[in-house]
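First up is the structure itself, then whatever we jot down about it.
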Amino acid sequence: GQPIVASLKLNWQEVGSYEMRVERVSTTSTSNSIFDESFVTLVRSFKAGEILNLKRNHTMVEMAVTATDKLSGVVQNLSAIATKRIRTCTATGWADVEPTSNPAYIALDILAGEANSDPLKDDQIDFASFKKLADICDTMVTTTVGGVSKTHERFTWNGIVDYSTTVKEIVNSVLGNARAQLIITSSGKYGVLIDESRTVPRQLFTPSNSWNFSGSRVFTPVPDALKVTFMSPEAGWVQQEIVVYNDGKDVNNAVEFDDLGTLGLTNYEETWRYARYMLAQGIYRSEQFSITVGADNLVCQRGDLCLVQHDVPKFGGMSARIVDIVGVNVTLDRDLALPATTQGMRIRHMDGTISTATITGQLDVNTLTLNALPAGAGIDD
């Protein structure tokens, strides 16, 4: 015969421990085809309302299933396209909660969100720098690839972190898509360094305020093209590979290829621009220069534009310090032999600001006459 399956529905009124017993009331069978023992194979319990008491908010997914002969047991695979709702910010503090793919807001959520076991406090965050980056990311740009132009957000990040990592590593991975990195600002707060062109120098380094100058250059072969992988929504959210060529290279003459992986990129045009950016870095950021300075001569921070005058690599002119000022006549701590052509002077003041002046004459070997004395210029500048 067939086994008998019995289901029992009980409505417990109070939380507690209950004992249950299944007992046969008929005569014990002596047949060798009947098994007289019973087993509990499944117990289900249901509770109205929230069934989990979580310390932190989690996304809960509910699925309604119509049972058919194609579905048996537990659902093995479940996928969804979702966007997290996180706090945005202004230049001074937090703003509304919105669904977003903006790398600046995502990085800030990782640093200060509830998923972080040790989130940053508000007074530890340089909101102004995060807001500046967020505005850059939201800027719409037009990218032309293969003669086809598309308009899209400048920088985005769409990904899932399902592996072990550190907060710093994943934050810099997110910010890397937006050409930025996490830094500690001069005020001691957590902010972002944005890789952008700067025109106003923060500091001037010379042999008068530094020593141990050294330089190096890496001669890395530049590939003809990069094979870049990214997650493509158009291809059903599977990994796709595109080939991004260097200047002057195409499918007909490219020989050297390098592989480039990405994280959080889901836009074809943005991926192409990212690969071009990495190619440019390999070409134009191959030199590195190092100097040693005293703490009193260091006011810049990472990302600032700095000017360097040094006689070893022959950068700029000559260095000196101001020892006396009389009107527009400036006396220096070294003798100078200026050519007859018009010369200029760049002065770094004690507060770190930089000003310029034109040299109109030379009174003696170490005293110069300027067209006008820059405001704030003083002894020891």
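Letters for chains follow the order of the structure tokens (A, B, ...), residue numbers begin at 1 for each chain, and ligand numbers begin at 1 in the order shown.
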Using only C-alpha atoms, tabulate the residues of range 31-132 of chain A lying at most 10 Å from any atom of range 14-23 of chain A, each with its closest atom pair and that distance in Å to one decimal, by chain and increasing residue number, as CSV.
residue,atom,partner,partner_atom,distance
A:Glu37,CA,A:Glu23,CA,9.5
A:Ser38,CA,A:Val22,CA,7.6
A:Phe39,CA,A:Val22,CA,9.0
A:Val40,CA,A:Val22,CA,9.4
Go through range 210-271 of chain A and flag each residue having an atom no more than 10 Å from range 130-154 of chain A; for those, report the closest pair of atoms plus their distance in Å to one decimal, using only C-alpha atoms, ordered by chain and rising number, as a tab-separated table.
residue	atom	partner	partner_atom	distance
A:Val244	CA	A:Val145	CA	9.6
A:Asn267	CA	A:His152	CA	8.6
A:Tyr268	CA	A:Val145	CA	9.4
A:Glu269	CA	A:Thr143	CA	6.2
A:Glu270	CA	A:Arg154	CA	7.2
For the residues in the current selection, export all heavy atoms as a tab-separated table (two decimals), in the first residue's frame.
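Contents of part.tsv, freshly written:
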chain	number	residue	atom	x	y	z
A	244	VAL	N	39.10	48.68	-27.09
A	244	VAL	CA	39.28	50.13	-27.17
A	244	VAL	C	40.69	50.39	-27.69
A	244	VAL	O	41.68	49.99	-27.06
A	244	VAL	CB	39.08	50.79	-25.79
A	244	VAL	CG1	39.29	52.30	-25.90
A	244	VAL	CG2	37.69	50.47	-25.25
A	267	ASN	N	27.64	50.74	-18.68
A	267	ASN	CA	27.33	51.57	-19.84
A	267	ASN	C	28.46	51.44	-20.84
A	267	ASN	O	29.64	51.62	-20.50
A	267	ASN	CB	27.14	53.02	-19.39
A	267	ASN	CG	26.86	53.96	-20.56
A	267	ASN	OD1	27.77	54.36	-21.27
A	267	ASN	ND2	25.60	54.29	-20.75
A	268	TYR	N	28.13	51.14	-22.09
A	268	TYR	CA	29.14	50.92	-23.12
A	268	TYR	C	30.01	52.15	-23.32
A	268	TYR	O	31.25	52.08	-23.35
A	268	TYR	CB	28.46	50.53	-24.43
A	268	TYR	CG	29.40	50.36	-25.60
A	268	TYR	CD1	29.94	49.11	-25.89
A	268	TYR	CD2	29.75	51.43	-26.42
A	268	TYR	CE1	30.82	48.93	-26.96
A	268	TYR	CE2	30.62	51.27	-27.49
A	268	TYR	CZ	31.15	50.02	-27.75
A	268	TYR	OH	32.02	49.86	-28.80
A	269	GLU	N	29.37	53.32	-23.47
A	269	GLU	CA	30.12	54.55	-23.73
A	269	GLU	C	31.00	54.94	-22.54
A	269	GLU	O	32.14	55.38	-22.71
A	269	GLU	CB	29.17	55.70	-24.08
A	269	GLU	CG	28.51	55.60	-25.45
A	269	GLU	CD	27.45	54.50	-25.53
A	269	GLU	OE1	26.86	54.17	-24.46
A	269	GLU	OE2	27.22	53.97	-26.62
A	270	GLU	N	30.47	54.78	-21.34
A	270	GLU	CA	31.26	55.10	-20.15
A	270	GLU	C	32.45	54.16	-20.01
A	270	GLU	O	33.55	54.58	-19.61
A	270	GLU	CB	30.39	55.04	-18.90
A	270	GLU	CG	31.09	55.50	-17.64
A	270	GLU	CD	30.23	55.41	-16.40
A	270	GLU	OE1	29.03	55.09	-16.53
A	270	GLU	OE2	30.75	55.63	-15.29
Next on the checklist: Between CA of Ala375 in chain A and CA of Ala128 in chain A, what distance in Å does the model show, to one decimal?
Outcome noted: 29.8 Å
Next on the checklist: What parts of range 7-93 of chain A does DSSP call strand (DSSP E or B)? I'd like the answer as a list in words.
Outcome noted: Arg85, Ile86, Arg87, Thr88 and Cys89 of chain A
Item to check | DSSP alpha helix (DSSP H) residues within range 34-205 of chain A, as a PyMOL selection string | outcome: chain A and resi 103-112+127-138+167-176
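Those residues that approach Trp237 in chain A to within 10 Å, counting only C-alpha atoms, are Ile81, Phe230, Met231, Ser232 and Thr266 of chain A; same-chain residues fewer than 5 positions away are not listed.
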Any chance you could export the current selection's C-alpha atoms as a compact mmCIF listing (two decimals), in the first residue's frame?
# COMPACT_ATOMS: atom_id res chain seq x y z
CA ILE A 81 17.35 44.44 -11.03
CA PHE A 230 31.87 45.18 -18.28
CA MET A 231 28.34 44.07 -17.34
CA SER A 232 25.99 44.78 -20.23
CA THR A 266 27.26 48.96 -17.07
